[in-house]
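Source file: upload30.cif; contents: mmCIF, C-alpha atoms.
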```cif
data_target
#
loop_
_atom_site.group_PDB
_atom_site.id
_atom_site.type_symbol
_atom_site.label_atom_id
_atom_site.label_comp_id
_atom_site.auth_asym_id
_atom_site.auth_seq_id
_atom_site.Cartn_x
_atom_site.Cartn_y
_atom_site.Cartn_z
ATOM 1 C CA MET A 212 -11.802 -18.374 -16.924
ATOM 2 C CA ASN A 213 -12.967 -15.843 -14.341
ATOM 3 C CA MET A 214 -12.905 -12.227 -15.419
ATOM 4 C CA VAL A 215 -10.458 -10.027 -13.516
ATOM 5 C CA SER A 216 -11.075 -6.287 -13.227
ATOM 6 C CA ILE A 217 -7.683 -4.587 -13.031
ATOM 7 C CA ILE A 218 -7.827 -1.153 -11.399
ATOM 8 C CA LEU A 219 -5.061 1.252 -12.353
ATOM 9 C CA LEU A 220 -4.988 4.733 -10.820
ATOM 10 C CA THR A 221 -2.781 7.379 -12.380
ATOM 11 C CA TYR A 222 -1.894 11.046 -12.075
ATOM 12 C CA ASN A 223 0.547 12.853 -14.391
ATOM 13 C CA ARG A 224 2.611 9.778 -15.234
ATOM 14 C CA SER A 225 2.122 9.733 -18.985
ATOM 15 C CA LYS A 226 5.819 9.017 -19.634
ATOM 16 C CA LEU A 227 5.632 5.776 -17.639
ATOM 17 C CA LEU A 228 2.028 4.809 -18.266
ATOM 18 C CA GLN A 229 2.253 3.072 -21.645
ATOM 19 C CA GLU A 230 4.985 0.707 -20.468
ATOM 20 C CA CYS A 231 2.835 -0.150 -17.457
ATOM 21 C CA ILE A 232 -0.265 -0.752 -19.598
ATOM 22 C CA HIS A 233 1.597 -2.976 -22.074
ATOM 23 C CA SER A 234 2.888 -5.135 -19.208
ATOM 24 C CA ILE A 235 -0.775 -5.780 -18.366
ATOM 25 C CA LEU A 236 -1.918 -6.367 -21.948
ATOM 26 C CA ASN A 237 0.903 -8.890 -22.406
ATOM 27 C CA GLN A 238 -0.379 -11.136 -19.626
ATOM 28 C CA THR A 239 -0.787 -14.804 -20.496
ATOM 29 C CA TYR A 240 -4.095 -14.690 -18.598
ATOM 30 C CA THR A 241 -6.287 -12.792 -21.044
ATOM 31 C CA ASN A 242 -9.783 -12.625 -19.527
ATOM 32 C CA PHE A 243 -9.580 -9.216 -17.888
ATOM 33 C CA GLU A 244 -10.703 -5.637 -18.185
ATOM 34 C CA LEU A 245 -8.386 -2.733 -17.423
ATOM 35 C CA LEU A 246 -10.025 0.231 -15.698
ATOM 36 C CA ILE A 247 -7.756 3.286 -15.868
ATOM 37 C CA ILE A 248 -8.852 5.985 -13.417
ATOM 38 C CA ASP A 249 -7.189 9.316 -14.163
ATOM 39 C CA ASP A 250 -7.092 11.505 -11.052
ATOM 40 C CA GLY A 251 -7.229 14.846 -12.864
ATOM 41 C CA SER A 252 -3.965 14.634 -14.826
ATOM 42 C CA ASP A 253 -3.006 17.820 -16.679
ATOM 43 C CA ASP A 254 -0.339 16.192 -18.874
ATOM 44 C CA ASP A 255 -1.000 14.051 -21.970
ATOM 45 C CA THR A 256 -2.209 10.998 -20.038
ATOM 46 C CA ARG A 257 -5.504 10.805 -21.937
ATOM 47 C CA GLU A 258 -3.759 10.875 -25.314
ATOM 48 C CA ARG A 259 -1.233 8.211 -24.257
ATOM 49 C CA VAL A 260 -4.039 5.895 -23.127
ATOM 50 C CA LEU A 261 -6.164 6.400 -26.243
ATOM 51 C CA GLU A 262 -3.174 5.612 -28.467
ATOM 52 C CA ILE A 263 -3.397 1.994 -27.279
ATOM 53 C CA LYS A 264 -6.131 0.179 -29.165
ATOM 54 C CA ASP A 265 -7.451 -2.619 -26.991
ATOM 55 C CA THR A 266 -11.126 -3.192 -26.248
ATOM 56 C CA ARG A 267 -10.309 -4.386 -22.734
ATOM 57 C CA ILE A 268 -9.262 -0.859 -21.713
ATOM 58 C CA SER A 269 -11.753 1.614 -20.219
ATOM 59 C CA TYR A 270 -10.556 5.134 -19.387
ATOM 60 C CA PHE A 271 -12.262 7.311 -16.765
ATOM 61 C CA TYR A 272 -11.246 10.896 -16.061
ATOM 62 C CA GLN A 273 -12.074 12.244 -12.596
ATOM 63 C CA PRO A 274 -11.510 15.742 -11.183
ATOM 64 C CA ARG A 275 -8.372 15.805 -9.055
ATOM 65 C CA CYS A 276 -9.013 14.556 -5.501
ATOM 66 C CA GLY A 277 -5.783 12.852 -4.373
ATOM 67 C CA TYR A 278 -7.671 10.252 -2.304
ATOM 68 C CA THR A 279 -6.861 6.858 -3.779
ATOM 69 C CA GLY A 280 -9.430 5.005 -1.647
ATOM 70 C CA ARG A 281 -12.197 7.185 -3.066
ATOM 71 C CA LEU A 282 -10.945 6.514 -6.601
ATOM 72 C CA LYS A 283 -10.752 2.761 -6.003
ATOM 73 C CA ASN A 284 -14.305 2.715 -4.698
ATOM 74 C CA TYR A 285 -15.363 4.568 -7.849
ATOM 75 C CA ALA A 286 -13.524 2.010 -9.995
ATOM 76 C CA LEU A 287 -15.257 -0.843 -8.154
ATOM 77 C CA SER A 288 -18.627 0.627 -9.148
ATOM 78 C CA LYS A 289 -17.553 0.241 -12.794
ATOM 79 C CA ALA A 290 -15.888 -3.165 -12.476
ATOM 80 C CA LYS A 291 -17.516 -6.263 -13.994
ATOM 81 C CA GLY A 292 -15.100 -8.987 -12.882
ATOM 82 C CA SER A 293 -15.533 -11.563 -10.145
ATOM 83 C CA PHE A 294 -11.897 -10.885 -9.177
ATOM 84 C CA ILE A 295 -10.232 -7.515 -8.544
ATOM 85 C CA ALA A 296 -6.559 -6.717 -9.132
ATOM 86 C CA TYR A 297 -4.645 -3.505 -8.541
ATOM 87 C CA MET A 298 -1.772 -1.895 -10.398
ATOM 88 C CA ASP A 299 0.297 1.224 -9.670
ATOM 89 C CA SER A 300 0.833 3.247 -12.828
ATOM 90 C CA ASP A 301 4.633 3.240 -12.522
ATOM 91 C CA ASP A 302 5.060 -0.513 -11.894
ATOM 92 C CA LEU A 303 5.331 -3.463 -14.277
ATOM 93 C CA TRP A 304 3.993 -7.028 -14.255
ATOM 94 C CA LYS A 305 5.843 -10.082 -15.489
ATOM 95 C CA GLU A 306 3.765 -11.745 -18.188
ATOM 96 C CA ASP A 307 2.693 -14.770 -16.116
ATOM 97 C CA LYS A 308 1.885 -12.819 -12.934
ATOM 98 C CA LEU A 309 -1.893 -12.872 -13.267
ATOM 99 C CA GLN A 310 -2.006 -16.474 -14.565
ATOM 100 C CA LYS A 311 -0.077 -17.809 -11.582
ATOM 101 C CA GLN A 312 -2.304 -16.015 -9.113
ATOM 102 C CA MET A 313 -5.521 -17.152 -10.782
ATOM 103 C CA ASP A 314 -4.210 -20.732 -10.845
ATOM 104 C CA LEU A 315 -3.597 -20.404 -7.117
ATOM 105 C CA PHE A 316 -7.262 -19.532 -6.524
ATOM 106 C CA ILE A 317 -8.335 -22.645 -8.434
ATOM 107 C CA LYS A 318 -6.042 -24.905 -6.398
ATOM 108 C CA ASN A 319 -6.895 -23.203 -3.097
ATOM 109 C CA PRO A 320 -10.541 -22.052 -3.231
ATOM 110 C CA GLU A 321 -10.552 -21.246 0.494
ATOM 111 C CA ILE A 322 -8.251 -18.202 0.150
ATOM 112 C CA GLY A 323 -9.741 -14.738 -0.265
ATOM 113 C CA PHE A 324 -6.790 -12.964 -1.826
ATOM 114 C CA SER A 325 -3.350 -13.530 -3.282
ATOM 115 C CA ILE A 326 -0.080 -11.579 -3.348
ATOM 116 C CA THR A 327 3.378 -12.007 -4.883
ATOM 117 C CA ASP A 328 6.895 -10.822 -4.166
ATOM 118 C CA VAL A 329 8.434 -7.776 -5.878
ATOM 119 C CA THR A 330 11.717 -6.724 -7.455
ATOM 120 C CA THR A 331 12.481 -3.053 -6.771
ATOM 121 C CA PHE A 332 14.358 -1.032 -9.365
ATOM 122 C CA LYS A 333 15.335 2.548 -10.188
ATOM 123 C CA GLY A 334 16.231 3.323 -13.760
ATOM 124 C CA GLU A 335 18.539 0.535 -14.901
ATOM 125 C CA GLU A 336 19.581 -0.417 -11.354
ATOM 126 C CA ILE A 337 18.066 -3.282 -9.367
ATOM 127 C CA LEU A 338 17.734 -2.104 -5.756
ATOM 128 C CA SER A 339 16.478 -5.438 -4.415
ATOM 129 C CA TYR A 340 15.596 -8.663 -6.195
ATOM 130 C CA HIS A 341 12.933 -9.653 -3.678
ATOM 131 C CA ALA A 342 11.259 -8.278 -0.551
ATOM 132 C CA TYR A 343 10.339 -11.491 1.289
ATOM 133 C CA PRO A 344 12.848 -13.941 2.831
ATOM 134 C CA PHE A 345 11.320 -17.087 1.324
ATOM 135 C CA GLN A 346 11.703 -17.784 -2.385
ATOM 136 C CA ASN A 347 10.150 -20.169 -4.893
ATOM 137 C CA THR A 348 7.539 -21.427 -2.462
ATOM 138 C CA VAL A 349 3.780 -21.035 -2.117
ATOM 139 C CA ARG A 350 1.908 -20.696 1.170
ATOM 140 C CA CYS A 351 -1.773 -20.269 1.935
ATOM 141 C CA GLU A 352 -2.321 -18.926 5.426
ATOM 142 C CA SER A 353 -3.346 -15.959 7.550
ATOM 143 C CA ILE A 354 -0.861 -13.071 7.456
ATOM 144 C CA PHE A 355 -2.783 -10.813 9.858
ATOM 145 C CA SER A 356 -0.576 -11.468 12.903
ATOM 146 C CA ARG A 357 2.570 -10.805 10.888
ATOM 147 C CA ILE A 358 1.235 -7.506 9.580
ATOM 148 C CA THR A 359 0.245 -6.384 13.076
ATOM 149 C CA ALA A 360 3.776 -7.264 14.244
ATOM 150 C CA ASN A 361 5.244 -5.158 11.401
ATOM 151 C CA ARG A 362 6.839 -8.242 9.856
ATOM 152 C CA PHE A 363 4.936 -8.217 6.568
ATOM 153 C CA LEU A 364 3.997 -5.658 3.918
ATOM 154 C CA ILE A 365 1.559 -5.828 0.996
ATOM 155 C CA TYR A 366 2.617 -3.772 -2.020
ATOM 156 C CA GLY A 367 -0.071 -2.132 -4.124
ATOM 157 C CA SER A 368 0.548 -3.872 -7.454
ATOM 158 C CA VAL A 369 0.640 -7.459 -6.137
ATOM 159 C CA LEU A 370 -2.910 -7.850 -4.840
ATOM 160 C CA VAL A 371 -5.589 -9.964 -6.511
ATOM 161 C CA MET A 372 -8.745 -10.688 -4.528
ATOM 162 C CA LYS A 373 -12.173 -12.215 -4.843
ATOM 163 C CA ARG A 374 -14.789 -9.544 -5.328
ATOM 164 C CA SER A 375 -16.982 -11.309 -2.778
ATOM 165 C CA CYS A 376 -14.490 -10.295 -0.057
ATOM 166 C CA PHE A 377 -15.914 -6.773 -0.109
ATOM 167 C CA ASP A 378 -19.164 -8.104 1.322
ATOM 168 C CA LYS A 379 -17.399 -8.848 4.614
ATOM 169 C CA VAL A 380 -14.463 -6.414 4.555
ATOM 170 C CA GLY A 381 -16.276 -3.347 3.268
ATOM 171 C CA HIS A 382 -14.828 -0.786 0.888
ATOM 172 C CA TYR A 383 -11.948 1.665 1.220
ATOM 173 C CA ASP A 384 -12.112 4.351 3.889
ATOM 174 C CA GLU A 385 -12.588 7.518 1.844
ATOM 175 C CA THR A 386 -11.534 9.804 4.704
ATOM 176 C CA MET A 387 -7.943 8.550 4.333
ATOM 177 C CA ARG A 388 -5.728 9.829 1.523
ATOM 178 C CA SER A 389 -4.505 6.313 0.781
ATOM 179 C CA GLY A 390 -6.463 3.827 2.872
ATOM 180 C CA ASP A 391 -4.474 0.882 1.486
ATOM 181 C CA PHE A 392 -2.973 -0.188 4.809
ATOM 182 C CA ASN A 393 -6.347 0.109 6.517
ATOM 183 C CA PHE A 394 -8.018 -1.998 3.827
ATOM 184 C CA HIS A 395 -5.235 -4.598 3.740
ATOM 185 C CA MET A 396 -5.470 -5.052 7.500
ATOM 186 C CA ARG A 397 -9.222 -5.636 7.358
ATOM 187 C CA LEU A 398 -8.818 -8.000 4.414
ATOM 188 C CA ALA A 399 -6.094 -10.011 6.166
ATOM 189 C CA TYR A 400 -8.176 -10.203 9.348
ATOM 190 C CA HIS A 401 -11.101 -11.861 7.576
ATOM 191 C CA TYR A 402 -9.400 -13.983 4.889
ATOM 192 C CA ASP A 403 -6.432 -16.263 4.361
ATOM 193 C CA CYS A 404 -3.883 -15.230 1.756
ATOM 194 C CA GLY A 405 -2.200 -17.190 -1.031
ATOM 195 C CA ILE A 406 1.419 -16.004 -1.148
ATOM 196 C CA LEU A 407 3.571 -16.620 -4.194
ATOM 197 C CA TYR A 408 7.110 -16.117 -2.947
ATOM 198 C CA GLU A 409 8.265 -15.153 -6.407
ATOM 199 C CA PRO A 410 8.975 -11.594 -7.662
ATOM 200 C CA LEU A 411 6.303 -11.250 -10.337
ATOM 201 C CA VAL A 412 6.008 -7.460 -10.006
ATOM 202 C CA LEU A 413 8.668 -4.906 -10.886
ATOM 203 C CA ARG A 414 8.280 -2.033 -8.439
ATOM 204 C CA ARG A 415 9.690 1.212 -9.781
ATOM 205 C CA VAL A 416 11.267 3.827 -7.503
ATOM 206 C CA HIS A 417 11.654 7.340 -8.902
ATOM 207 C CA ASP A 418 11.838 10.930 -7.750
ATOM 208 C CA THR A 419 8.171 11.746 -8.357
ATOM 209 C CA ASN A 420 6.379 8.806 -6.720
ATOM 210 C CA MET A 421 6.701 10.039 -3.142
ATOM 211 C CA SER A 422 5.821 13.569 -2.053
ATOM 212 C CA LYS A 423 7.302 15.094 1.069
ATOM 213 C CA GLU A 424 3.943 15.093 2.854
ATOM 214 C CA ILE A 425 2.998 11.446 2.269
ATOM 215 C CA PRO A 426 5.134 9.975 5.113
ATOM 216 C CA PHE A 427 3.284 12.128 7.665
ATOM 217 C CA GLU A 428 -0.100 11.007 6.341
ATOM 218 C CA ASN A 429 1.008 7.367 6.175
ATOM 219 C CA TYR A 430 1.824 7.259 9.889
ATOM 220 C CA GLU A 431 -1.352 9.125 10.791
ATOM 221 C CA GLU A 432 -3.378 6.551 8.816
ATOM 222 C CA TYR A 433 -1.340 3.794 10.463
ATOM 223 C CA LEU A 434 -2.380 5.123 13.889
ATOM 224 C CA ALA A 435 -6.016 5.536 12.865
ATOM 225 C CA THR A 436 -6.084 1.985 11.500
ATOM 226 C CA TYR A 437 -4.842 0.422 14.731
ATOM 227 C CA GLN A 438 -7.309 2.475 16.737
ATOM 228 C CA TYR A 439 -10.093 1.196 14.452
ATOM 229 C CA LEU A 440 -8.902 -2.406 14.841
ATOM 230 C CA TYR A 441 -8.758 -2.047 18.620
ATOM 231 C CA ASN A 442 -12.185 -0.384 18.833
ATOM 232 C CA ASN A 443 -13.678 -3.268 16.823
ATOM 233 C CA GLY A 444 -12.027 -6.028 18.857
ATOM 234 C CA MET A 445 -9.663 -7.084 16.060
ATOM 235 C CA VAL A 446 -6.449 -6.437 18.012
ATOM 236 C CA LYS A 447 -5.688 -6.289 21.713
ATOM 237 C CA LYS A 448 -4.203 -3.362 23.601
ATOM 238 C CA LYS A 449 -0.562 -4.464 23.280
ATOM 239 C CA PRO A 450 -0.448 -4.178 19.450
ATOM 240 C CA LEU A 451 -2.208 -0.813 19.742
ATOM 241 C CA ARG A 452 0.449 0.449 22.187
ATOM 242 C CA GLN A 453 3.223 -0.863 19.973
ATOM 243 C CA ALA A 454 1.706 0.827 16.920
ATOM 244 C CA LYS A 455 1.419 4.124 18.782
ATOM 245 C CA GLY A 456 5.034 3.852 19.904
ATOM 246 C CA ILE A 457 6.309 3.203 16.392
ATOM 247 C CA ALA A 458 4.145 5.812 14.650
ATOM 248 C CA HIS A 459 4.853 8.625 17.127
ATOM 249 C CA LEU A 460 8.577 7.818 17.035
ATOM 250 C CA LYS A 461 8.585 8.042 13.221
ATOM 251 C CA LEU A 462 6.513 11.239 13.236
ATOM 252 C CA GLY A 463 8.876 12.713 15.818
ATOM 253 C CA LYS A 464 11.858 11.965 13.595
ATOM 254 C CA LEU A 465 10.118 13.520 10.593
ATOM 255 C CA HIS A 466 9.363 16.716 12.517
ATOM 256 C CA GLU A 467 12.863 16.796 13.989
ATOM 257 C CA GLY A 468 14.305 16.461 10.497
ATOM 258 C CA ARG A 469 12.329 19.525 9.465
ATOM 259 C CA GLY A 470 13.573 21.498 12.452
ATOM 260 C CA ASN A 471 10.249 21.527 14.318
ATOM 261 C CA ARG A 472 11.577 20.389 17.671
ATOM 262 C CA LYS A 473 8.467 21.190 19.704
ATOM 263 C CA LYS A 474 6.277 18.949 17.551
ATOM 264 C CA ALA A 475 8.997 16.316 17.646
ATOM 265 C CA LEU A 476 9.024 16.509 21.440
ATOM 266 C CA THR A 477 5.248 15.965 21.559
ATOM 267 C CA HIS A 478 5.475 12.853 19.384
ATOM 268 C CA TYR A 479 8.461 11.450 21.289
ATOM 269 C CA LEU A 480 6.538 11.956 24.521
ATOM 270 C CA ASN A 481 3.557 10.088 23.046
ATOM 271 C CA SER A 482 5.800 7.235 21.906
ATOM 272 C CA PHE A 483 7.309 7.023 25.399
ATOM 273 C CA THR A 484 3.951 6.996 27.205
ATOM 274 C CA ALA A 485 2.640 4.308 24.829
ATOM 275 C CA ASN A 486 5.543 1.982 25.695
ATOM 276 C CA LEU A 487 7.218 3.051 28.934
ATOM 277 C CA PHE A 488 10.968 2.532 29.277
ATOM 278 C CA TYR A 489 11.500 1.234 25.752
ATOM 279 C CA PRO A 490 15.141 2.326 25.128
ATOM 280 C CA ARG A 491 14.619 3.890 21.694
ATOM 281 C CA TYR A 492 11.719 5.999 22.904
ATOM 282 C CA VAL A 493 13.533 7.117 26.059
ATOM 283 C CA TYR A 494 16.632 8.107 24.090
ATOM 284 C CA SER A 495 14.664 10.117 21.503
ATOM 285 C CA LEU A 496 12.627 11.869 24.192
ATOM 286 C CA VAL A 497 15.643 12.848 26.311
ATOM 287 C CA LYS A 498 17.663 13.972 23.285
ATOM 288 C CA ILE A 499 14.975 16.288 21.908
ATOM 289 C CA TYR A 500 14.001 17.532 25.389
ATOM 290 C CA LEU A 501 17.555 18.765 25.957
ATOM 291 C CA LYS A 502 17.402 20.638 22.669
ATOM 292 C CA VAL A 503 13.996 22.217 23.328
ATOM 293 C CA LYS A 504 14.419 22.981 27.057
ATOM 294 C CA PRO A 505 15.087 26.738 27.555
ATOM 295 C CA GLN A 506 18.569 27.467 28.836
ATOM 296 C CA LYS A 507 18.829 29.318 32.147
ATOM 297 C CA PRO A 508 20.637 32.673 31.927
ATOM 298 C CA LEU A 509 24.154 32.718 33.376
#
```
What would you get if you wrote out this structure as structure tokens?
Amino acid sequence: MNMVSIILLTYNRSKLLQECIHSILNQTYTNFELLIIDDGSDDDTRERVLEIKDTRISYFYQPRCGYTGRLKNYALSKAKGSFIAYMDSDDLWKEDKLQKQMDLFIKNPEIGFSITDVTTFKGEEILSYHAYPFQNTVRCESIFSRITANRFLIYGSVLVMKRSCFDKVGHYDETMRSGDFNFHMRLAYHYDCGILYEPLVLRRVHDTNMSKEIPFENYEEYLATYQYLYNNGMVKKKPLRQAKGIAHLKLGKLHEGRGNRKKALTHYLNSFTANLFYPRYVYSLVKIYLKVKPQKPL
């Protein structure tokens, strides 16, 4: 059995953390280490972790930085496994999640990484039973073109990958607050993926797992990622223009929602110039322009 290093980042989620940890410890695949990286929590996270007596757990406290890519790179420097898995501290794994993914690597040694489907829930309510259209099937293929076409998403807690992939892909971009999308795009460009179309992860939605500022940063990282891919010959100009159109449209809507119409106008203009005459972009630009344009005195 190959050792899997499971990287779990957390910040002030002590009330949810033990349930998350136990879902990992209850895995039928048992050859793993769990690296818990605490990003400067000021609640009782440390005490909650140390209450759980399992030699596979290693706890590392780091001063608060808020950059998950930097924390993941730190965790990788501590990891011993030949495979790397990731877990969000508010999510849960079904007990056979890791076993099924590791079996997939044995049957398909050509793949570099594996993902599963998710069930999304909030409290006692199931919001969606699965995220992908296919169910109860397995596919091993490249997903890069689907991600670039915005038809596929990799959730944080589903990913298991060969450690050797870092040799070609590189590590996380530490200048980005998250860096997940950027890393996933580079990973998918270089390696085929084993997809288990089965919801083996329970993705929790709650009031504290999304700050108001994160959407802005997500779209800025989205733009920076496509520019990086284009500069390195990984995508052509059309996907770059489409990405700019989408990101500036979303940023415009965010600024408009906050009442900052001038910034919204700038982003709508950028979305329009990236993809001329696309109806959505034209409509948003004209609508906000009429609101921002100074009225002539009677």
Determine, for each residue of region 441-489 of chain A having at least one atom at most 12 Å from an atom of region 387-400 of chain A, the closest pair of atoms and their separation in Å to one decimal, counting all atoms listed in the file; order by chain and ascending number, as a tab-separated table.
```
residue	atom	partner	partner_atom	distance
A:Tyr441	CA	A:Arg397	CA	11.8
A:Asn443	CA	A:Arg397	CA	10.7
A:Gly444	CA	A:Tyr400	CA	11.1
A:Met445	CA	A:Tyr400	CA	7.5
A:Val446	CA	A:Tyr400	CA	9.6
```
Can you work out the spacing between CA of Glu230 (chain A) and CA of Val260 (chain A) in Å, to one decimal?
->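 Atom-to-atom, CA of Glu230 (chain A) to CA of Val260 (chain A), that is 10.7 Å.
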Residues matched by the PyMOL selection byres ((chain A and resi 454) around 12), written as a ChimeraX atom specification | /A:358-361,430-438,440-441,446-453,455-461,481-483,485-486
Apply the PyMOL selection byres ((chain A and resi 402-406) around 12) to the file shown and report the selected residues as a VMD selection string.
-> chain A and resid 311 to 329 343 345 to 356 363 to 365 369 to 373 375 to 380 395 to 401 407 to 411
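The closest residue to Ile232 (chain A), picked from A:Thr330, A:Ser269, A:Ser339, A:Ser252 and counting only C-alpha atoms, is A:Ser269.
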At the level of all heavy atoms, write region 390-398 of chain A to a file as a compact mmCIF listing (two decimals), in the first residue's frame, please.
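Contents of the output file out_6.txt:
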```
# COMPACT_ATOMS: atom_id res chain seq x y z
N GLY A 390 -4.86 30.04 -5.12
CA GLY A 390 -3.95 29.35 -6.03
C GLY A 390 -4.44 27.98 -6.46
O GLY A 390 -3.78 27.32 -7.27
N ASP A 391 -5.59 27.54 -5.94
CA ASP A 391 -6.09 26.20 -6.30
C ASP A 391 -6.43 26.10 -7.78
O ASP A 391 -6.03 25.14 -8.45
CB ASP A 391 -7.34 25.87 -5.46
CG ASP A 391 -6.98 25.43 -4.06
OD1 ASP A 391 -5.79 25.18 -3.80
OD2 ASP A 391 -7.89 25.33 -3.22
N PHE A 392 -7.18 27.07 -8.30
CA PHE A 392 -7.57 27.01 -9.70
C PHE A 392 -6.34 27.03 -10.60
O PHE A 392 -6.25 26.26 -11.56
CB PHE A 392 -8.50 28.17 -10.04
CG PHE A 392 -8.93 28.21 -11.48
CD1 PHE A 392 -9.84 27.31 -11.98
CD2 PHE A 392 -8.40 29.15 -12.36
CE1 PHE A 392 -10.23 27.31 -13.31
CE2 PHE A 392 -8.77 29.18 -13.70
CZ PHE A 392 -9.70 28.26 -14.17
N ASN A 393 -5.39 27.88 -10.27
CA ASN A 393 -4.15 27.96 -11.05
C ASN A 393 -3.43 26.62 -11.04
O ASN A 393 -2.99 26.13 -12.10
CB ASN A 393 -3.27 29.06 -10.46
CG ASN A 393 -1.95 29.22 -11.18
OD1 ASN A 393 -1.03 28.44 -10.99
ND2 ASN A 393 -1.85 30.24 -12.01
N PHE A 394 -3.32 26.00 -9.88
CA PHE A 394 -2.63 24.71 -9.78
C PHE A 394 -3.40 23.62 -10.50
O PHE A 394 -2.81 22.80 -11.22
CB PHE A 394 -2.43 24.33 -8.31
CG PHE A 394 -1.71 23.02 -8.14
CD1 PHE A 394 -0.34 22.95 -8.28
CD2 PHE A 394 -2.43 21.86 -7.86
CE1 PHE A 394 0.32 21.73 -8.15
CE2 PHE A 394 -1.77 20.65 -7.73
CZ PHE A 394 -0.39 20.59 -7.87
N HIS A 395 -4.72 23.58 -10.33
CA HIS A 395 -5.53 22.55 -10.99
C HIS A 395 -5.42 22.64 -12.51
O HIS A 395 -5.38 21.62 -13.20
CB HIS A 395 -6.99 22.68 -10.57
CG HIS A 395 -7.22 22.39 -9.11
ND1 HIS A 395 -8.35 22.80 -8.43
CD2 HIS A 395 -6.45 21.74 -8.20
CE1 HIS A 395 -8.26 22.40 -7.18
NE2 HIS A 395 -7.13 21.76 -7.01
N MET A 396 -5.36 23.86 -13.03
CA MET A 396 -5.24 24.03 -14.47
C MET A 396 -3.90 23.48 -14.97
O MET A 396 -3.84 22.78 -15.99
CB MET A 396 -5.37 25.50 -14.85
CG MET A 396 -6.77 26.05 -14.71
SD MET A 396 -7.89 25.39 -15.95
CE MET A 396 -7.52 26.46 -17.33
N ARG A 397 -2.83 23.77 -14.26
CA ARG A 397 -1.52 23.27 -14.66
C ARG A 397 -1.45 21.75 -14.54
O ARG A 397 -0.87 21.07 -15.38
CB ARG A 397 -0.42 23.93 -13.80
CG ARG A 397 -0.22 25.40 -14.13
CD ARG A 397 0.94 25.99 -13.35
NE ARG A 397 0.57 26.32 -11.99
CZ ARG A 397 1.24 25.95 -10.91
NH1 ARG A 397 2.32 25.19 -11.03
NH2 ARG A 397 0.86 26.33 -9.71
N LEU A 398 -2.06 21.22 -13.48
CA LEU A 398 -2.08 19.77 -13.29
C LEU A 398 -2.85 19.09 -14.41
O LEU A 398 -2.39 18.08 -14.98
CB LEU A 398 -2.72 19.46 -11.93
CG LEU A 398 -2.83 17.99 -11.52
CD1 LEU A 398 -1.45 17.36 -11.37
CD2 LEU A 398 -3.63 17.87 -10.22
```
